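Colleague: JSON, C-alpha atoms, file entry-v9.json:
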[["chain", "number", "residue", "atom", "x", "y", "z"],
["Y", 1, "MET", "CA", 106.61, 136.55, 101.02],
["Y", 2, "GLU", "CA", 104.61, 134.19, 103.23],
["Y", 3, "ARG", "CA", 100.87, 134.11, 102.72],
["Y", 4, "ASP", "CA", 98.03, 132.27, 104.46],
["Y", 5, "TYR", "CA", 95.55, 130.04, 102.67],
["Y", 6, "LEU", "CA", 92.49, 128.05, 103.69],
["Y", 7, "ILE", "CA", 92.89, 124.64, 102.08],
["Y", 8, "ALA", "CA", 90.85, 121.56, 103.06],
["Y", 9, "GLY", "CA", 89.54, 123.52, 106.03],
["Y", 10, "LEU", "CA", 93.04, 124.15, 107.37],
["Y", 11, "ARG", "CA", 95.16, 127.28, 107.62],
["Y", 12, "ILE", "CA", 98.18, 126.77, 105.39],
["Y", 13, "ARG", "CA", 101.21, 129.09, 105.37],
["Y", 14, "MET", "CA", 103.59, 129.14, 102.44],
["Y", 15, "ASP", "CA", 105.84, 131.35, 100.38],
["Y", 16, "THR", "CA", 105.46, 130.53, 96.70],
["Y", 17, "ASP", "CA", 105.87, 131.98, 93.23],
["Y", 18, "GLY", "CA", 104.82, 131.21, 89.72],
["Y", 19, "ARG", "CA", 102.32, 128.48, 89.11],
["Y", 20, "THR", "CA", 101.85, 127.50, 92.76],
["Y", 21, "LYS", "CA", 101.11, 131.10, 93.76],
["Y", 22, "LYS", "CA", 98.72, 131.55, 90.85],
["Y", 23, "GLN", "CA", 96.75, 128.34, 91.50],
["Y", 24, "SER", "CA", 96.65, 129.08, 95.25],
["Y", 25, "ALA", "CA", 95.22, 132.58, 94.81],
["Y", 26, "PRO", "CA", 91.54, 131.49, 95.14],
["Y", 27, "TYR", "CA", 92.41, 129.90, 98.51],
["Y", 28, "GLN", "CA", 94.22, 132.92, 100.01],
["Y", 29, "THR", "CA", 92.96, 134.31, 103.31],
["Y", 30, "GLU", "CA", 94.05, 137.07, 105.67],
["Y", 31, "THR", "CA", 97.09, 136.29, 107.81],
["Y", 32, "ALA", "CA", 96.47, 135.11, 111.36],
["Y", 33, "ALA", "CA", 98.65, 134.28, 114.33],
["Y", 34, "GLU", "CA", 99.12, 130.58, 113.91],
["Y", 35, "ALA", "CA", 98.93, 128.25, 110.92],
["Y", 36, "ASP", "CA", 97.88, 124.58, 111.04],
["Y", 37, "ILE", "CA", 100.40, 123.62, 108.38],
["Y", 38, "VAL", "CA", 103.56, 125.50, 107.45],
["Y", 39, "ILE", "CA", 104.83, 124.38, 104.08],
["Y", 40, "THR", "CA", 108.54, 124.28, 103.57],
["Y", 41, "SER", "CA", 109.57, 123.31, 100.09],
["Y", 42, "HIS", "CA", 112.96, 122.59, 98.59],
["Y", 43, "PRO", "CA", 112.45, 122.81, 94.85],
["Y", 44, "GLU", "CA", 116.20, 122.92, 94.14],
["Y", 45, "GLU", "CA", 116.71, 119.54, 95.80],
["Y", 46, "LEU", "CA", 113.87, 118.00, 93.81],
["Y", 47, "GLN", "CA", 115.31, 119.45, 90.61],
["Y", 48, "LYS", "CA", 118.67, 117.79, 91.31],
["Y", 49, "ARG", "CA", 116.87, 114.43, 91.28],
["Y", 50, "GLN", "CA", 114.49, 115.35, 88.43],
["Y", 51, "PRO", "CA", 116.58, 117.62, 86.15],
["Y", 52, "HIS", "CA", 113.98, 117.49, 83.35],
["Y", 53, "LEU", "CA", 111.54, 119.50, 85.52],
["Y", 54, "SER", "CA", 111.52, 123.30, 85.69],
["Y", 55, "LEU", "CA", 112.10, 124.97, 89.05],
["Y", 56, "ASP", "CA", 108.51, 126.22, 88.92],
["Y", 57, "ASP", "CA", 107.20, 122.64, 88.48],
["Y", 58, "CYS", "CA", 109.48, 121.48, 91.29],
["Y", 59, "GLU", "CA", 108.02, 124.08, 93.65],
["Y", 60, "TYR", "CA", 104.50, 123.00, 92.65],
["Y", 61, "LEU", "CA", 105.29, 119.32, 93.29],
["Y", 62, "SER", "CA", 107.25, 119.78, 96.51],
["Y", 63, "THR", "CA", 104.74, 122.18, 98.13],
["Y", 64, "GLY", "CA", 101.95, 119.73, 97.23],
["Y", 65, "SER", "CA", 103.87, 116.82, 98.65],
["Y", 66, "SER", "CA", 104.58, 118.74, 101.88],
["Y", 67, "PHE", "CA", 100.88, 119.63, 102.19],
["Y", 68, "TYR", "CA", 99.59, 116.09, 101.60],
["Y", 69, "CYS", "CA", 102.10, 114.51, 103.99],
["Y", 70, "GLN", "CA", 101.18, 116.93, 106.78],
["Y", 71, "LEU", "CA", 97.47, 116.48, 106.06],
["Y", 72, "LEU", "CA", 97.66, 113.03, 107.72],
["Y", 73, "LYS", "CA", 98.04, 114.78, 111.10],
["Y", 74, "PHE", "CA", 94.61, 116.36, 110.54],
["Y", 75, "ASP", "CA", 92.66, 113.19, 109.71],
["Y", 76, "GLY", "CA", 93.16, 113.80, 106.03],
["Y", 77, "MET", "CA", 94.71, 112.11, 103.04],
["Y", 78, "MET", "CA", 95.27, 112.62, 99.34],
["Y", 79, "ILE", "CA", 93.95, 110.27, 96.70],
["Y", 80, "HIS", "CA", 95.47, 110.45, 93.24],
["Y", 81, "ALA", "CA", 92.21, 110.88, 91.34],
["Y", 82, "SER", "CA", 90.17, 113.12, 89.09],
["Y", 83, "ALA", "CA", 87.31, 114.37, 91.26],
["Y", 84, "VAL", "CA", 83.96, 115.92, 90.38],
["Y", 85, "VAL", "CA", 81.01, 117.18, 92.40],
["Y", 86, "MET", "CA", 77.46, 116.54, 91.24],
["Y", 87, "ASP", "CA", 74.15, 116.88, 93.14],
["Y", 88, "GLY", "CA", 75.98, 117.62, 96.38],
["Y", 89, "TYR", "CA", 78.40, 114.68, 96.44],
["Y", 90, "ALA", "CA", 82.01, 114.30, 95.41],
["Y", 91, "TYR", "CA", 82.99, 111.35, 93.21],
["Y", 92, "LEU", "CA", 86.61, 110.34, 92.72],
["Y", 93, "PHE", "CA", 88.07, 108.40, 89.80],
["Y", 94, "SER", "CA", 91.43, 106.96, 90.71],
["Y", 95, "ALA", "CA", 93.97, 105.06, 88.61],
["Y", 96, "PRO", "CA", 97.66, 104.99, 87.74],
["Y", 97, "CYS", "CA", 98.87, 107.72, 85.37],
["Y", 98, "GLY", "CA", 97.78, 107.27, 81.80],
["Y", 99, "THR", "CA", 94.66, 105.18, 82.51],
["Y", 100, "GLY", "CA", 92.29, 108.04, 81.73],
["Y", 101, "LYS", "CA", 91.02, 109.51, 85.01],
["Y", 102, "SER", "CA", 90.68, 112.97, 83.48],
["Y", 103, "THR", "CA", 89.17, 111.51, 80.33],
["Y", 104, "HIS", "CA", 86.48, 109.85, 82.42],
["Y", 105, "THR", "CA", 85.54, 113.02, 84.34],
["Y", 106, "ALA", "CA", 85.58, 114.94, 81.04],
["Y", 107, "LEU", "CA", 82.94, 112.43, 79.86],
["Y", 108, "TRP", "CA", 80.84, 113.22, 82.94],
["Y", 109, "ARG", "CA", 80.96, 116.89, 82.01],
["Y", 110, "LYS", "CA", 80.10, 116.13, 78.41],
["Y", 111, "VAL", "CA", 77.12, 113.94, 79.35],
["Y", 112, "PHE", "CA", 75.79, 115.82, 82.41],
["Y", 113, "GLY", "CA", 76.93, 119.35, 81.53],
["Y", 114, "ALA", "CA", 77.09, 122.24, 83.98],
["Y", 115, "GLN", "CA", 75.75, 120.11, 86.87],
["Y", 116, "VAL", "CA", 79.27, 118.68, 87.10],
["Y", 117, "VAL", "CA", 81.91, 120.77, 88.88],
["Y", 118, "MET", "CA", 85.57, 119.81, 88.62],
["Y", 119, "LEU", "CA", 86.75, 119.56, 92.22],
["Y", 120, "ASN", "CA", 90.36, 118.59, 91.50],
["Y", 121, "ASP", "CA", 91.70, 116.93, 88.37],
["Y", 122, "ASP", "CA", 94.53, 115.03, 90.04],
["Y", 123, "LYS", "CA", 94.94, 115.24, 93.83],
["Y", 124, "PRO", "CA", 91.80, 115.99, 95.86],
["Y", 125, "ALA", "CA", 92.17, 116.11, 99.64],
["Y", 126, "LEU", "CA", 89.92, 113.91, 101.79],
["Y", 127, "ARG", "CA", 89.18, 114.66, 105.42],
["Y", 128, "LEU", "CA", 87.35, 112.82, 108.16],
["Y", 129, "GLU", "CA", 85.29, 115.42, 110.04],
["Y", 130, "ASN", "CA", 82.88, 114.48, 112.85],
["Y", 131, "GLY", "CA", 82.87, 110.91, 111.59],
["Y", 132, "ARG", "CA", 82.08, 111.80, 107.99],
["Y", 133, "TRP", "CA", 84.34, 111.91, 104.92],
["Y", 134, "TYR", "CA", 84.57, 115.05, 102.80],
["Y", 135, "ALA", "CA", 86.46, 115.84, 99.61],
["Y", 136, "TYR", "CA", 88.08, 119.22, 99.01],
["Y", 137, "GLY", "CA", 89.52, 121.00, 96.03],
["Y", 138, "THR", "CA", 93.15, 122.10, 96.51],
["Y", 139, "PRO", "CA", 95.56, 124.22, 94.42],
["Y", 140, "TRP", "CA", 97.53, 121.08, 93.51],
["Y", 141, "SER", "CA", 95.66, 119.50, 90.61],
["Y", 142, "GLY", "CA", 98.36, 117.88, 88.49],
["Y", 143, "LYS", "CA", 99.04, 118.94, 84.93],
["Y", 144, "THR", "CA", 95.91, 121.05, 84.64],
["Y", 145, "ASP", "CA", 94.75, 123.97, 86.78],
["Y", 146, "GLN", "CA", 91.30, 122.41, 87.13],
["Y", 147, "ASN", "CA", 90.37, 122.71, 90.78],
["Y", 148, "THR", "CA", 87.61, 124.46, 92.71],
["Y", 149, "ASN", "CA", 87.78, 125.78, 96.25],
["Y", 150, "ILE", "CA", 84.78, 123.87, 97.62],
["Y", 151, "ARG", "CA", 84.01, 120.96, 99.92],
["Y", 152, "ALA", "CA", 81.49, 118.16, 99.34],
["Y", 153, "PRO", "CA", 80.63, 114.97, 101.22],
["Y", 154, "LEU", "CA", 82.44, 112.08, 99.60],
["Y", 155, "GLY", "CA", 79.91, 109.98, 97.67],
["Y", 156, "GLY", "CA", 82.24, 107.33, 96.29],
["Y", 157, "ILE", "CA", 85.65, 106.39, 94.91],
["Y", 158, "CYS", "CA", 86.05, 104.40, 91.71],
["Y", 159, "VAL", "CA", 89.28, 102.67, 90.69],
["Y", 160, "LEU", "CA", 89.46, 102.67, 86.90],
["Y", 161, "THR", "CA", 91.03, 100.22, 84.49],
["Y", 162, "ARG", "CA", 90.76, 100.32, 80.71],
["Y", 163, "GLY", "CA", 88.52, 97.77, 79.05],
["Y", 164, "THR", "CA", 86.49, 97.08, 75.97],
["Y", 165, "VAL", "CA", 83.18, 97.15, 77.85],
["Y", 166, "ASN", "CA", 81.79, 99.26, 80.70],
["Y", 167, "GLU", "CA", 81.40, 97.31, 83.93],
["Y", 168, "ILE", "CA", 81.30, 98.60, 87.49],
["Y", 169, "ALA", "CA", 81.19, 96.58, 90.72],
["Y", 170, "PRO", "CA", 81.71, 97.20, 94.44],
["Y", 171, "TYR", "CA", 85.36, 96.92, 95.45],
["Y", 172, "ASN", "CA", 85.97, 95.91, 99.06],
["Y", 173, "GLY", "CA", 88.44, 94.52, 101.50],
["Y", 174, "VAL", "CA", 92.17, 94.60, 101.55],
["Y", 175, "ARG", "CA", 92.45, 94.63, 97.74],
["Y", 176, "ALA", "CA", 90.60, 97.94, 97.61],
["Y", 177, "ALA", "CA", 92.83, 99.20, 100.44],
["Y", 178, "PHE", "CA", 95.97, 98.32, 98.49],
["Y", 179, "SER", "CA", 94.61, 99.93, 95.31],
["Y", 180, "LEU", "CA", 94.03, 103.17, 97.22],
["Y", 181, "LEU", "CA", 97.39, 102.90, 99.03],
["Y", 182, "GLU", "CA", 99.09, 102.80, 95.64],
["Y", 183, "GLN", "CA", 97.40, 106.09, 94.77],
["Y", 184, "THR", "CA", 98.36, 108.18, 97.78],
["Y", 185, "VAL", "CA", 101.48, 109.61, 99.41],
["Y", 186, "ARG", "CA", 103.01, 107.23, 101.92],
["Y", 187, "PRO", "CA", 105.39, 109.22, 104.14],
["Y", 188, "ASN", "CA", 108.32, 107.04, 105.07],
["Y", 189, "VAL", "CA", 107.81, 107.24, 108.85],
["Y", 190, "PRO", "CA", 105.97, 104.66, 110.98],
["Y", 191, "GLU", "CA", 103.56, 107.11, 112.71],
["Y", 192, "ALA", "CA", 102.33, 108.58, 109.42],
["Y", 193, "ARG", "CA", 101.99, 105.20, 107.70],
["Y", 194, "GLY", "CA", 100.12, 103.82, 110.70],
["Y", 195, "ARG", "CA", 97.76, 106.79, 110.65],
["Y", 196, "LEU", "CA", 97.26, 106.33, 106.90],
["Y", 197, "LEU", "CA", 96.18, 102.71, 107.44],
["Y", 198, "GLU", "CA", 93.79, 103.72, 110.23],
["Y", 199, "LEU", "CA", 92.22, 106.38, 108.01],
["Y", 200, "LEU", "CA", 91.90, 103.93, 105.11],
["Y", 201, "ASP", "CA", 90.16, 101.42, 107.38],
["Y", 202, "ASP", "CA", 87.62, 104.08, 108.37],
["Y", 203, "LEU", "CA", 87.19, 105.24, 104.76],
["Y", 204, "LEU", "CA", 86.52, 101.72, 103.48],
["Y", 205, "ALA", "CA", 83.92, 101.16, 106.19],
["Y", 206, "LYS", "CA", 81.99, 104.33, 105.34],
["Y", 207, "VAL", "CA", 82.49, 105.28, 101.71],
["Y", 208, "PRO", "CA", 81.39, 103.14, 98.73],
["Y", 209, "VAL", "CA", 84.44, 102.06, 96.71],
["Y", 210, "TRP", "CA", 84.10, 100.72, 93.19],
["Y", 211, "LYS", "CA", 86.17, 99.02, 90.54],
["Y", 212, "MET", "CA", 85.36, 99.77, 86.95],
["Y", 213, "ARG", "CA", 86.50, 98.62, 83.54],
["Y", 214, "CYS", "CA", 85.70, 101.39, 81.14],
["Y", 215, "THR", "CA", 85.92, 102.56, 77.56],
["Y", 216, "TYR", "CA", 86.32, 106.11, 76.25],
["Y", 217, "ALA", "CA", 82.67, 106.25, 75.14],
["Y", 218, "ALA", "CA", 79.97, 108.41, 76.74],
["Y", 219, "GLU", "CA", 78.29, 105.22, 77.96],
["Y", 220, "ALA", "CA", 81.15, 104.85, 80.48],
["Y", 221, "ALA", "CA", 80.05, 108.04, 82.25],
["Y", 222, "ARG", "CA", 76.42, 106.90, 82.36],
["Y", 223, "VAL", "CA", 77.39, 103.53, 83.85],
["Y", 224, "SER", "CA", 79.59, 104.95, 86.63],
["Y", 225, "HIS", "CA", 77.14, 107.79, 87.30],
["Y", 226, "GLN", "CA", 74.18, 105.48, 87.76],
["Y", 227, "ALA", "CA", 75.88, 103.06, 90.13],
["Y", 228, "MET", "CA", 77.75, 105.67, 92.17],
["Y", 229, "THR", "CA", 75.02, 108.30, 92.62],
["Y", 230, "GLN", "CA", 72.40, 105.68, 93.48],
["Y", 231, "GLU", "CA", 74.61, 104.10, 96.15],
["Y", 232, "ALA", "CA", 75.61, 107.51, 97.60],
["Y", 233, "LYS", "CA", 71.94, 108.44, 98.02],
["Y", 234, "ARG", "CA", 71.08, 105.02, 99.45],
["Y", 235, "ARG", "CA", 73.89, 105.14, 101.96],
["Y", 236, "PHE", "CA", 73.89, 108.78, 103.02],
["Y", 237, "GLU", "CA", 70.26, 109.96, 102.72],
["K", 238, "MET", "CA", 115.30, 86.49, 117.10],
["K", 239, "LYS", "CA", 113.36, 89.67, 116.43],
["K", 240, "LEU", "CA", 111.80, 91.70, 113.61],
["K", 241, "LYS", "CA", 113.61, 94.78, 112.36],
["K", 242, "ASP", "CA", 112.27, 98.12, 113.58],
["K", 243, "GLY", "CA", 110.12, 100.24, 111.30],
["K", 244, "PHE", "CA", 107.13, 98.06, 110.43],
["K", 245, "VAL", "CA", 103.58, 99.27, 111.07],
["K", 246, "LEU", "CA", 100.77, 96.75, 111.62],
["K", 247, "ARG", "CA", 97.10, 97.70, 111.51],
["K", 248, "THR", "CA", 93.72, 96.08, 110.87],
["K", 249, "VAL", "CA", 92.35, 97.35, 107.56],
["K", 250, "ALA", "CA", 89.01, 96.13, 106.20],
["K", 251, "GLY", "CA", 89.08, 93.27, 108.69],
["K", 252, "GLU", "CA", 92.51, 92.02, 107.65],
["K", 253, "THR", "CA", 95.96, 92.48, 109.11],
["K", 254, "VAL", "CA", 98.11, 94.76, 106.98],
["K", 255, "VAL", "CA", 101.81, 95.44, 107.48],
["K", 256, "LEU", "CA", 103.77, 98.23, 105.82],
["K", 257, "PRO", "CA", 107.53, 98.67, 106.10],
["K", 258, "THR", "CA", 109.02, 102.14, 106.60],
["K", 259, "GLY", "CA", 112.45, 103.67, 106.69],
["K", 260, "GLY", "CA", 115.13, 101.47, 105.20],
["K", 261, "VAL", "CA", 113.59, 98.15, 106.25],
["K", 262, "THR", "CA", 113.29, 96.81, 102.71],
["K", 263, "ASP", "CA", 114.32, 97.92, 99.24],
["K", 264, "PHE", "CA", 110.77, 97.65, 98.03],
["K", 265, "ASP", "CA", 107.62, 99.58, 98.82],
["K", 266, "MET", "CA", 105.74, 96.48, 99.96],
["K", 267, "MET", "CA", 102.22, 95.89, 101.19],
["K", 268, "ILE", "CA", 101.83, 92.74, 103.27],
["K", 269, "THR", "CA", 98.83, 90.88, 104.69],
["K", 270, "LEU", "CA", 99.01, 88.38, 107.53],
["K", 271, "ASN", "CA", 96.51, 85.68, 108.46],
["K", 272, "GLU", "CA", 95.53, 85.12, 112.09],
["K", 273, "THR", "CA", 98.47, 82.84, 112.89],
["K", 274, "GLY", "CA", 100.83, 85.13, 111.03],
["K", 275, "ARG", "CA", 99.73, 88.09, 113.13],
["K", 276, "PHE", "CA", 100.00, 86.04, 116.31],
["K", 277, "LEU", "CA", 103.62, 85.15, 115.53],
["K", 278, "TRP", "CA", 104.46, 88.61, 114.13],
["K", 279, "GLU", "CA", 103.36, 90.36, 117.32],
["K", 280, "ARG", "CA", 105.55, 88.04, 119.39],
["K", 281, "LEU", "CA", 108.50, 88.66, 117.09],
["K", 282, "GLU", "CA", 108.28, 92.41, 117.71],
["K", 283, "LYS", "CA", 110.18, 91.54, 120.92],
["K", 284, "ASP", "CA", 113.18, 89.26, 121.07],
["K", 285, "THR", "CA", 112.02, 85.63, 121.23],
["K", 286, "GLN", "CA", 113.05, 82.06, 120.36],
["K", 287, "LYS", "CA", 111.56, 79.38, 118.17],
["K", 288, "ASP", "CA", 110.57, 77.13, 121.11],
["K", 289, "GLU", "CA", 108.82, 80.06, 122.81],
["K", 290, "LEU", "CA", 106.81, 80.71, 119.65],
["K", 291, "VAL", "CA", 105.83, 77.02, 119.43],
["K", 292, "LYS", "CA", 104.79, 77.06, 123.10],
["K", 293, "ALA", "CA", 102.70, 80.21, 122.56],
["K", 294, "LEU", "CA", 100.94, 78.63, 119.57],
["K", 295, "LEU", "CA", 100.18, 75.48, 121.58],
["K", 296, "ALA", "CA", 98.74, 77.53, 124.43],
["K", 297, "GLU", "CA", 96.52, 79.58, 122.09],
["K", 298, "TYR", "CA", 95.41, 77.06, 119.48],
["K", 299, "ASP", "CA", 94.28, 73.45, 119.52],
["K", 300, "VAL", "CA", 97.11, 72.08, 117.37],
["K", 301, "THR", "CA", 99.70, 69.34, 117.65],
["K", 302, "GLU", "CA", 103.25, 70.27, 118.58],
["K", 303, "GLU", "CA", 104.40, 68.99, 115.21],
["K", 304, "LEU", "CA", 102.06, 71.29, 113.29],
["K", 305, "ALA", "CA", 102.89, 74.28, 115.52],
["K", 306, "ALA", "CA", 106.62, 73.73, 115.00],
["K", 307, "ARG", "CA", 106.13, 73.44, 111.25],
["K", 308, "SER", "CA", 104.08, 76.67, 111.15],
["K", 309, "VAL", "CA", 106.78, 78.53, 113.08],
["K", 310, "ASP", "CA", 109.51, 77.15, 110.79],
["K", 311, "THR", "CA", 107.62, 78.16, 107.64],
["K", 312, "PHE", "CA", 106.90, 81.64, 108.97],
["K", 313, "ILE", "CA", 110.46, 82.29, 110.10],
["K", 314, "ALA", "CA", 111.87, 80.99, 106.82],
["K", 315, "ARG", "CA", 109.65, 83.44, 104.95],
["K", 316, "LEU", "CA", 110.73, 86.33, 107.19],
["K", 317, "LYS", "CA", 114.39, 85.44, 106.61],
["K", 318, "GLU", "CA", 113.80, 85.23, 102.87],
["K", 319, "LEU", "CA", 112.32, 88.74, 102.97],
["K", 320, "ASP", "CA", 115.18, 89.92, 105.23],
["K", 321, "PHE", "CA", 112.71, 91.15, 107.85],
["K", 322, "LEU", "CA", 114.61, 89.84, 110.88],
["K", 323, "ALA", "CA", 117.06, 92.04, 112.79]]
Once more with this new file: its structure as structure tokens, please.

Modeller:
Amino acid sequence: MERDYLIAGLRIRMDTDGRTKKQSAPYQTETAAEADIVITSHPEELQKRQPHLSLDDCEYLSTGSSFYCQLLKFDGMMIHASAVVMDGYAYLFSAPCGTGKSTHTALWRKVFGAQVVMLNDDKPALRLENGRWYAYGTPWSGKTDQNTNIRAPLGGICVLTRGTVNEIAPYNGVRAAFSLLEQTVRPNVPEARGRLLELLDDLLAKVPVWKMRCTYAAEAARVSHQAMTQEAKRRFE
Amino acid sequence: MKLKDGFVLRTVAGETVVLPTGGVTDFDMMITLNETGRFLWERLEKDTQKDELVKALLAEYDVTEELAARSVDTFIARLKELDFLA
């Protein structure tokens, strides 16, 4: 049965079961005439290519992929990141799988407690609205179900690498663009890829981007928190 | 001589970035071009010849014909190596 959802400020229509339906429940809304995005998923086809995945996981992955590809038409993009909201701003920690994105945001929660809300543990949606970038929780949050149906102005994005010390520095230019490009969906059509590059250009001009070497110690959270929250306030207030 | 179809070129963070799409290359590449590279790339989006590219460089930049010809040769050789030409 098709249902309507409000995700990243857009009306999404999809027919899902299992995990996808369960994680989408907080985003459900009453059905209206027209949807912004209609999600068509083909979990069986994905399972043929990835036979180790369950059909339920395949639906979760293919509906997410359909959503994030279509999001580009609405001035939006996905960043593969663990995202938190604190003091009114969203902060994203991006990295390849296994680097410890979720570990880092778990440290934020450990150090700063209930002030920290988990926006999306794996794939937050970003949207450019009236010239400003916002981050949204979505039902697609990777391995965990940690996501919250809220929106917050984007305060910063940090690209993480593992290190033996905690060091954070501004990350700019085309290197930062390529790091973020590696952590998003790149639909294999020229119009969408062109749009993605235009959005990235705007994002890099407006949102502070950081590169951090970090450890698993609580100090890592304090170091990223201090640099990122200070710069968000300086730039946006 | 012309580039294959399916590349997108945009300015990102002040630099020229090119991404291939479709079946242009086997790899998911990210490419940057310098100013001269972009100048030649944009001319190669339409069918052109080496001497036309050299002439265009000479008209735009204060360079010797020898240097312009060498730049065009180097650029085209690199595009061939990457199998970017149609």

Colleague: Just give me the gap between atom CA of Y:Thr164 and atom CA of Y:Leu107 in Å, one decimal is fine.

Modeller: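 About the pair atom CA of Y:Thr164 and atom CA of Y:Leu107: they are 16.2 Å apart.
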
Colleague: For a cut-off of 7 Å around (99.2, 121.2, 106.7), file coordinates, pick out all residues using only C-alpha atoms and list them as a PyMOL selection string.

Modeller: chain Y and resi 10+12+36-39+67+70-71

Colleague: For the residues selected in the previous step, produce a file with C-alpha atoms as a short mmCIF file (atom, residue, chain, number, x, y, z; two decimals), in the coordinates of the input.

Modeller:
data_model
loop_
_atom_site.label_atom_id
_atom_site.label_comp_id
_atom_site.auth_asym_id
_atom_site.auth_seq_id
_atom_site.Cartn_x
_atom_site.Cartn_y
_atom_site.Cartn_z
CA LEU Y 10 93.04 124.15 107.37
CA ILE Y 12 98.18 126.77 105.39
CA ASP Y 36 97.88 124.58 111.04
CA ILE Y 37 100.40 123.62 108.38
CA VAL Y 38 103.56 125.50 107.45
CA ILE Y 39 104.83 124.38 104.08
CA PHE Y 67 100.88 119.63 102.19
CA GLN Y 70 101.18 116.93 106.78
CA LEU Y 71 97.47 116.48 106.06
#

Colleague: Report as CSV the residues of chain Y within 6 Å of chain K, each with its shortest atom pair and distance in Å (one decimal), using all atoms listed in the file, ordered by chain and increasing residue number.

Modeller:
residue,atom,partner,partner_atom,distance
Y:Gly173,CA,K:Ala250,CA,5.0
Y:Val174,CA,K:Ala250,CA,5.8
Y:Asn188,CA,K:Thr258,CA,5.2
Y:Val189,CA,K:Thr258,CA,5.7
Y:Pro190,CA,K:Val245,CA,5.9
Y:Gly194,CA,K:Val245,CA,5.7
Y:Asp201,CA,K:Val249,CA,4.6

Colleague: Selected residues, C-alpha atoms, written as a short mmCIF file (atom, residue, chain, number, x, y, z; two decimals), in the coordinates of the input, please.

Modeller:
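Result file out36.cif:
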data_model
loop_
_atom_site.label_atom_id
_atom_site.label_comp_id
_atom_site.auth_asym_id
_atom_site.auth_seq_id
_atom_site.Cartn_x
_atom_site.Cartn_y
_atom_site.Cartn_z
CA GLY Y 173 88.44 94.52 101.50
CA VAL Y 174 92.17 94.60 101.55
CA ASN Y 188 108.32 107.04 105.07
CA VAL Y 189 107.81 107.24 108.85
CA PRO Y 190 105.97 104.66 110.98
CA GLY Y 194 100.12 103.82 110.70
CA ASP Y 201 90.16 101.42 107.38
#

Colleague: Axis-aligned box over every listed atom of stretch 182-200 of chain Y, padded by 6 Å per side: centre and edges in Å to one decimal, as AutoDock Vina command-line options?

Modeller:
--center_x 100.1 --center_y 106.2 --center_z 103.7 --size_x 28.4 --size_y 18.9 --size_z 29.9

Colleague: As an exercise, work out the distance from atom CA of Y:Gly100 to atom CA of Y:Tyr216 in Å and give it to one decimal place.

Modeller: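 So the two atoms, atom CA of Y:Gly100 and atom CA of Y:Tyr216, lie 8.3 Å apart.
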
Colleague: Rounded to one decimal place, report the atom CA of Y:Pro153-atom CA of Y:Thr99 distance in Å.

Modeller: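 Computing the Euclidean distance for atom CA of Y:Pro153 and atom CA of Y:Thr99 yields 25.4 Å.
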
Colleague: Find the spatial neighbours of K:Glu282, counting only C-alpha atoms, within a cut-off of 12 Å - ignore same-chain residues fewer than 4 positions away - and output them as a list in words.

Modeller: Met238, Lys239, Leu240, Lys241, Asp242, Gly243, Phe244, Val245, Leu246, Arg275, Phe276, Leu277, Trp278, Gln286, Leu290, Phe321, Leu322 and Ala323 of chain K

Colleague: Can you pull out the residues contacting Y:Gln226? Cut-off 12 Å, using all atoms listed in the file, and skip same-chain residues under 4 positions away; I want them as a VMD selection string.

Modeller: chain Y and resid 91 108 112 156 167 to 169 219 to 222 230 to 233

Colleague: List the neighbours of Y:Thr63 out to 9 Å using all atoms listed in the file; skip same-chain residues closer than 6 positions along the sequence, and give me the result as a PyMOL selection string.

Modeller: chain Y and resi 14+16+20+39-43+140

Colleague: I need every residue sitting at most 8 Å from the point (80.5, 97.0, 94.7) (coordinates as in the file, all atoms listed in the file considered), written as an MDAnalysis selection string.

Modeller: chainID Y and resid 168:172 208:211
